Amino acid sequence: MSEQKQQLAHHEPKHGEHQHHVTPPGVYVAIFITLLVFTALTVGASYVEMGVWNPVIALAIGVIKATLVVLFFMGVKYSSKLTMLTVGAGIFTFLTLISMTLADYISRAWGLW
Amino acid sequence: MSDSPVIAHGASEVEHHEHPAYLRHHFESVEQQADTTNFAMWLFLLTEVMFFGGLFTAYLIYRNWYYPAFVAASHQLNIFWGTANTAVLISSSFTMAMGVWCAETRRKGGLVLCLVLTFLLGLVFLGIKSIEYSEKIEKHHVPGFHYSLKSFLDPDSDEAAKAAGDKPLPLDVARHTEVYFSLYFAMTGMHALHMIIGIAILGFMIFRARAGAYTAGHVTFVENFGLYWHFVDIIWIFLFPLLYLISRHAN
């Protein structure tokens with residue numbers, strides 16, 4: 001009986017690949033609360049003097065929040081490989097473009113100051 | 001939306017098998033149709049990433065160039081309203097996510113409620129944004145002929161500048177605060193435009209949901225709109241720290 005149950009449980013995800021994944025509300029509630037906590041954290045951190053680390057921490061918290069939204073609210077964690085590849089390609093292209101542009105502007109006056 | 005007569009004629013010659021009304025003929029199955037539209041929605045969002053990415057890049061470059069002006073100008077933003085709006089937008093993303101769940105589990109009443117809440121929270125966001133904009137208009141911080149440098153040349157005359165402990169900027173430095181506000185209005189304005197478009201679509205969806213359109217097994221439209229709404233939320237998640245928070249202490 002229990003073996004049969006195990007087998008069934010084992011087969012479920014395989015079957016689920018073709019079916020639509022439904023994220024349970026509990027996950028949404030947990031992510032919602034986490035996002036609010038991180039918002040409070042980033043506002044609190046902005047009142048602490050940390051010099052160059054202030055923007056770094058603010059952006060790091062932003063990245064964490066955005067990742068949670070993409071993975072759970074937008075359901076990428078449970079989506080097809082095609083969607084994951086699309087999202088990954090978008091992030092990669094964006095980071096490439098922004099880092100190359102910033103590297104150009106920052107290095108133009110290299111050694112002249 | 002409707003098949004042309006020619007296609008309908010062609011289709012009638014093929015053996016017509018049973019399928020749900022919402023499955024278009026050029027798709028093999030409902031899953032394939034859902035995957036395809038989902039992929040298309042993500043491709044659209046990637047173009048949006050590139051669009052806002054350009055604005056973010058411009059902001060970072062100018063902040064690097066005109067750093068003292070950007071610091072002083074960002075002290076003019078109200079952190080209370082910014083934080084409130086972040087909370088409002090995250091809540092609207094949550095209600096939207098719950099709406100998708102209601103559609104997937106065929107809860108019509110719940111879906112309508114979630115869509116209405118998302119709609120209202122979107123309006124609250126725009127309301128708070130308009131309070132902030134009107135403050136900028138009153139202080140003549142809108143770039144253009146009426147732009148005023150008073151808050152930056154004489155910080156003691158300005159409550160926000162005084163509270164942040166700003167020192168008077170030289171005229172040539174102070175003039176660059178206008179660049180900050182140009183980018184502020186461009187970025188928050190484009191974000192607000194996306195909100196307005198989203199709210200308009202939500203209004204349409206509320207009527208369709210009341211008629212039971214999304215709770216009969218075909219949830220693609222709700223899901224893809226959810227992706228759009230969450231994307232707009234993500235843009236704000238980055239706008240908020242970049243515009244409001246990161247220059248609090250830099251003097």
# chains A, B, ... in the order shown; residues from 1 in each chain; ligands from 1
$ interface_residues --of "chain B" --to "chain A" --cutoff "6 Å" --atoms "only C-alpha atoms" --output "list in words"
Leu46, Ala97, Leu227, Ile234, Ile237, Phe238, Pro241, Leu245 and Ile246 of chain B
$ closest_residue --among "B:Ile206, B:Met195, B:Gln33, B:Leu149" --to "Leu117 (chain B)" --atoms "only C-alpha atoms"
B:Ile206
$ atom_distance --atom1 "CA of Cys102 (chain B)" --atom2 "CA of Ala211 (chain B)"
14.7 Å
$ select_by_dssp --residues "region 1-197 of chain B" --states "alpha helix (DSSP H)" --output "MDAnalysis selection string"
chainID B and resid 5:13 30:65 67:74 79:104 108:138 150:153 159:163 171:174 177:197
$ write_last_selection --atoms "C-alpha atoms" --output "compact mmCIF listing (two decimals), in the first residue's frame"
# COMPACT_ATOMS: atom_id res chain seq x y z
CA PRO B 5 -14.28 32.99 -44.39
CA VAL B 6 -11.48 31.47 -46.46
CA ILE B 7 -9.87 29.83 -43.46
CA ALA B 8 -13.26 28.68 -42.15
CA HIS B 9 -13.94 27.06 -45.51
CA GLY B 10 -10.56 25.34 -45.51
CA ALA B 11 -11.04 24.13 -41.97
CA SER B 12 -14.44 22.67 -42.67
CA GLU B 13 -12.93 20.24 -45.17
CA VAL B 30 -4.22 23.79 -25.10
CA GLU B 31 -0.82 23.32 -23.43
CA GLN B 32 1.01 24.27 -26.60
CA GLN B 33 -1.19 27.33 -27.00
CA ALA B 34 -0.60 28.37 -23.37
CA ASP B 35 3.17 27.83 -23.65
CA THR B 36 3.33 29.83 -26.87
CA THR B 37 1.45 32.85 -25.53
CA ASN B 38 3.47 32.69 -22.32
CA PHE B 39 6.70 32.71 -24.35
CA ALA B 40 5.44 35.66 -26.41
CA MET B 41 4.57 37.58 -23.26
CA TRP B 42 8.08 37.05 -21.90
CA LEU B 43 9.60 38.24 -25.17
CA PHE B 44 7.51 41.41 -24.89
CA LEU B 45 8.73 41.86 -21.31
CA LEU B 46 12.34 41.53 -22.52
CA THR B 47 11.78 44.49 -24.86
CA GLU B 48 10.46 46.34 -21.82
CA VAL B 49 13.60 45.40 -19.86
CA MET B 50 15.72 46.91 -22.66
CA PHE B 51 13.54 50.05 -22.70
CA PHE B 52 13.73 50.72 -18.96
CA GLY B 53 17.34 49.49 -18.98
CA GLY B 54 18.26 52.45 -21.16
CA LEU B 55 16.71 54.84 -18.63
CA PHE B 56 18.46 53.13 -15.72
CA THR B 57 21.79 53.29 -17.56
CA ALA B 58 21.33 57.00 -18.29
CA TYR B 59 20.53 57.59 -14.63
CA LEU B 60 23.67 55.77 -13.44
CA ILE B 61 25.94 57.60 -15.89
CA TYR B 62 24.58 61.05 -15.02
CA ARG B 63 24.66 60.28 -11.32
CA ASN B 64 28.32 59.41 -11.75
CA TRP B 65 29.01 62.66 -13.64
CA TYR B 67 27.15 63.40 -8.25
CA PRO B 68 26.76 66.40 -5.84
CA ALA B 69 23.77 67.74 -7.78
CA PHE B 70 22.12 64.30 -7.84
CA VAL B 71 22.63 63.88 -4.10
CA ALA B 72 21.10 67.28 -3.31
CA ALA B 73 18.22 66.76 -5.75
CA SER B 74 17.35 63.31 -4.40
CA ILE B 79 10.84 58.81 1.65
CA PHE B 80 7.52 58.38 3.47
CA TRP B 81 5.48 58.57 0.25
CA GLY B 82 8.05 56.48 -1.60
CA THR B 83 7.89 53.71 1.00
CA ALA B 84 4.08 53.87 1.14
CA ASN B 85 3.92 53.51 -2.64
CA THR B 86 6.32 50.55 -2.57
CA ALA B 87 4.07 48.82 -0.04
CA VAL B 88 0.98 49.64 -2.14
CA LEU B 89 2.55 48.24 -5.29
CA ILE B 90 3.79 45.05 -3.59
CA SER B 91 0.27 44.56 -2.16
CA SER B 92 -1.22 44.99 -5.64
CA SER B 93 1.21 42.37 -6.96
CA PHE B 94 0.06 40.04 -4.20
CA THR B 95 -3.64 40.57 -4.98
CA MET B 96 -2.85 40.00 -8.67
CA ALA B 97 -1.05 36.73 -7.87
CA MET B 98 -4.06 35.66 -5.80
CA GLY B 99 -6.27 36.58 -8.76
CA VAL B 100 -4.29 34.20 -10.97
CA TRP B 101 -4.75 31.47 -8.37
CA CYS B 102 -8.51 32.17 -8.23
CA ALA B 103 -8.74 31.91 -12.01
CA GLU B 104 -6.74 28.67 -12.05
CA LYS B 108 -15.17 33.53 -9.96
CA GLY B 109 -16.07 35.66 -6.93
CA GLY B 110 -12.52 35.54 -5.62
CA LEU B 111 -11.10 36.49 -9.01
CA VAL B 112 -13.39 39.53 -9.33
CA LEU B 113 -12.50 40.60 -5.79
CA CYS B 114 -8.74 40.25 -6.46
CA LEU B 115 -8.95 42.17 -9.73
CA VAL B 116 -10.96 44.97 -8.09
CA LEU B 117 -8.41 45.19 -5.24
CA THR B 118 -5.52 45.28 -7.72
CA PHE B 119 -7.36 47.98 -9.68
CA LEU B 120 -7.92 50.08 -6.52
CA LEU B 121 -4.33 49.66 -5.28
CA GLY B 122 -3.11 50.78 -8.71
CA LEU B 123 -5.24 53.93 -8.35
CA VAL B 124 -3.86 54.53 -4.83
CA PHE B 125 -0.34 54.32 -6.25
CA LEU B 126 -1.16 56.94 -8.90
CA GLY B 127 -2.85 59.11 -6.26
CA ILE B 128 0.27 59.13 -4.08
CA LYS B 129 2.40 59.76 -7.18
CA SER B 130 0.24 62.80 -8.01
CA ILE B 131 0.76 64.15 -4.46
CA GLU B 132 4.51 63.88 -5.03
CA TYR B 133 4.31 65.44 -8.50
CA SER B 134 2.25 68.39 -7.25
CA GLU B 135 4.91 69.03 -4.58
CA LYS B 136 7.53 69.19 -7.36
CA ILE B 137 5.31 71.55 -9.37
CA GLU B 138 4.82 73.84 -6.37
CA LYS B 150 16.39 78.06 -4.96
CA SER B 151 16.36 74.82 -2.93
CA PHE B 152 19.95 74.12 -3.98
CA LEU B 153 21.51 77.61 -3.95
CA GLU B 159 12.59 72.35 4.51
CA ALA B 160 13.70 69.09 2.87
CA ALA B 161 17.17 70.41 2.01
CA LYS B 162 17.57 71.81 5.51
CA ALA B 163 16.53 68.52 7.12
CA LEU B 171 25.52 77.79 -9.56
CA ASP B 172 27.13 75.55 -12.22
CA VAL B 173 26.77 72.48 -9.98
CA ALA B 174 23.22 73.37 -8.90
CA THR B 177 19.86 69.13 -10.48
CA GLU B 178 17.60 69.73 -13.48
CA VAL B 179 19.14 66.63 -15.11
CA TYR B 180 18.18 64.62 -12.03
CA PHE B 181 14.58 65.82 -12.20
CA SER B 182 14.44 65.19 -15.96
CA LEU B 183 15.39 61.57 -15.32
CA TYR B 184 13.11 61.41 -12.27
CA PHE B 185 10.09 62.46 -14.34
CA ALA B 186 11.09 60.33 -17.33
CA MET B 187 11.50 57.18 -15.24
CA THR B 188 8.58 57.58 -12.82
CA GLY B 189 6.44 58.99 -15.65
CA MET B 190 7.06 55.98 -17.92
CA HIS B 191 6.41 53.73 -14.94
CA ALA B 192 3.16 55.59 -14.19
CA LEU B 193 2.13 55.26 -17.84
CA HIS B 194 2.59 51.50 -17.57
CA MET B 195 0.42 51.60 -14.44
CA ILE B 196 -2.31 53.56 -16.25
CA ILE B 197 -2.32 51.07 -19.13
$ atom_distance --atom1 "CA of Ile199 (chain B)" --atom2 "CA of Tyr214 (chain B)"
17.6 Å
$ atom_distance --atom1 "CA of Arg175 (chain B)" --atom2 "CA of Met100 (chain A)"
28.5 Å
